[in-house]
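Undergrad: Structure below; questions to follow.
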Amino acid sequence: MTFEEALDIVECLRGRAATTISLENMKKLDASRLVDFVAGASAALDGDFHKLSEQVYLFCRATSKSQRQVKMQQLLLPPQAVSSAIRSV
């Protein structure tokens, strides 16, 4: 993932869109830096993030409908079903 791609993720958040990030094909250091960068941007935009699995994160604005949906899904579904449900959001 490039810095430009990380900025694209932040632009999605600025536009109030929820986004997921999969770290599966990234080096551990790069993945950590990406999560730190996007988490900081998300916090600056009054957003939040959720760790859906060991290598998948959901970032969204605090007022995002997707955030409420994820919290409800986490309460109702087993963890492996949550990742599948997120792909459809």
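Quick note on naming: the chains in the structure tokens go A, B, ... in the order shown, residues restart at 1 in each chain, and ligands are numbered from 1 in order of appearance.
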Near Leu23 of chain A, counting only C-alpha atoms, which residues have an atom at most 9 Å away, once you skip same-chain residues fewer than 4 positions from it, shown as a list in words?
TA: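 Near Leu23 of chain A, the qualifying residues are Lys27, Lys28, Asp30, Ala31, Ser32, Leu34, Val35, Glu54, Gln55, Val56 and Tyr57 of chain A.
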Undergrad: For atom CA of Ala6 of chain A and atom CA of Ala41 of chain A, quote the distance in Å rounded to one decimal.
TA: 10.2 Å
Undergrad: Which residue gives the smallest distance to Glu24 of chain A among A:Ile9, A:Ser53, A:Ser42, A:Gly47, with only C-alpha atoms counted?
TA: A:Ser53
Undergrad: So how many Å separate atom CA of Arg16 of chain A and atom CA of Val38 of chain A, to one decimal?
TA: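 A separation of 13.8 Å between them.
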Undergrad: What's around Glu5 of chain A at 12 Å? Count only C-alpha atoms, leave out sequence neighbours fewer than 5 positions away in its own chain, and write the answer as JSON, numbers by chain.
TA: {"A": [10, 11, 12, 21, 34, 37, 38]}
Undergrad: Take the selection from the previous step and output its residues with N, CA, C and O atoms, as a PDB file, in the first residue's frame.
TA:
```pdb
ATOM      1  N   VAL A  10      -8.432   7.928   3.783  1.00  0.00           N
ATOM      2  CA  VAL A  10      -8.815   9.079   4.602  1.00  0.00           C
ATOM      3  C   VAL A  10      -9.864   9.918   3.876  1.00  0.00           C
ATOM      4  O   VAL A  10     -10.813  10.403   4.497  1.00  0.00           O
ATOM      5  N   GLU A  11      -9.728  10.076   2.569  1.00  0.00           N
ATOM      6  CA  GLU A  11     -10.728  10.823   1.797  1.00  0.00           C
ATOM      7  C   GLU A  11     -12.095  10.144   1.877  1.00  0.00           C
ATOM      8  O   GLU A  11     -13.130  10.809   1.942  1.00  0.00           O
ATOM      9  N   CYS A  12     -12.108   8.817   1.874  1.00  0.00           N
ATOM     10  CA  CYS A  12     -13.372   8.089   2.050  1.00  0.00           C
ATOM     11  C   CYS A  12     -13.999   8.442   3.392  1.00  0.00           C
ATOM     12  O   CYS A  12     -15.206   8.675   3.489  1.00  0.00           O
ATOM     13  N   ILE A  21     -10.074  -2.281   5.822  1.00  0.00           N
ATOM     14  CA  ILE A  21      -8.686  -2.450   5.402  1.00  0.00           C
ATOM     15  C   ILE A  21      -8.267  -3.860   5.765  1.00  0.00           C
ATOM     16  O   ILE A  21      -8.382  -4.282   6.915  1.00  0.00           O
ATOM     17  N   LEU A  34       0.105   1.886   8.743  1.00  0.00           N
ATOM     18  CA  LEU A  34      -1.139   2.223   8.059  1.00  0.00           C
ATOM     19  C   LEU A  34      -2.294   2.346   9.051  1.00  0.00           C
ATOM     20  O   LEU A  34      -3.050   3.317   9.024  1.00  0.00           O
ATOM     21  N   PHE A  37      -1.902   5.513  11.078  1.00  0.00           N
ATOM     22  CA  PHE A  37      -2.199   6.703  10.289  1.00  0.00           C
ATOM     23  C   PHE A  37      -3.706   6.882  10.108  1.00  0.00           C
ATOM     24  O   PHE A  37      -4.254   7.955  10.359  1.00  0.00           O
ATOM     25  N   VAL A  38      -4.377   5.816   9.678  1.00  0.00           N
ATOM     26  CA  VAL A  38      -5.815   5.911   9.415  1.00  0.00           C
ATOM     27  C   VAL A  38      -6.593   6.072  10.726  1.00  0.00           C
ATOM     28  O   VAL A  38      -7.574   6.807  10.781  1.00  0.00           O
TER      29      VAL A  38
END
```
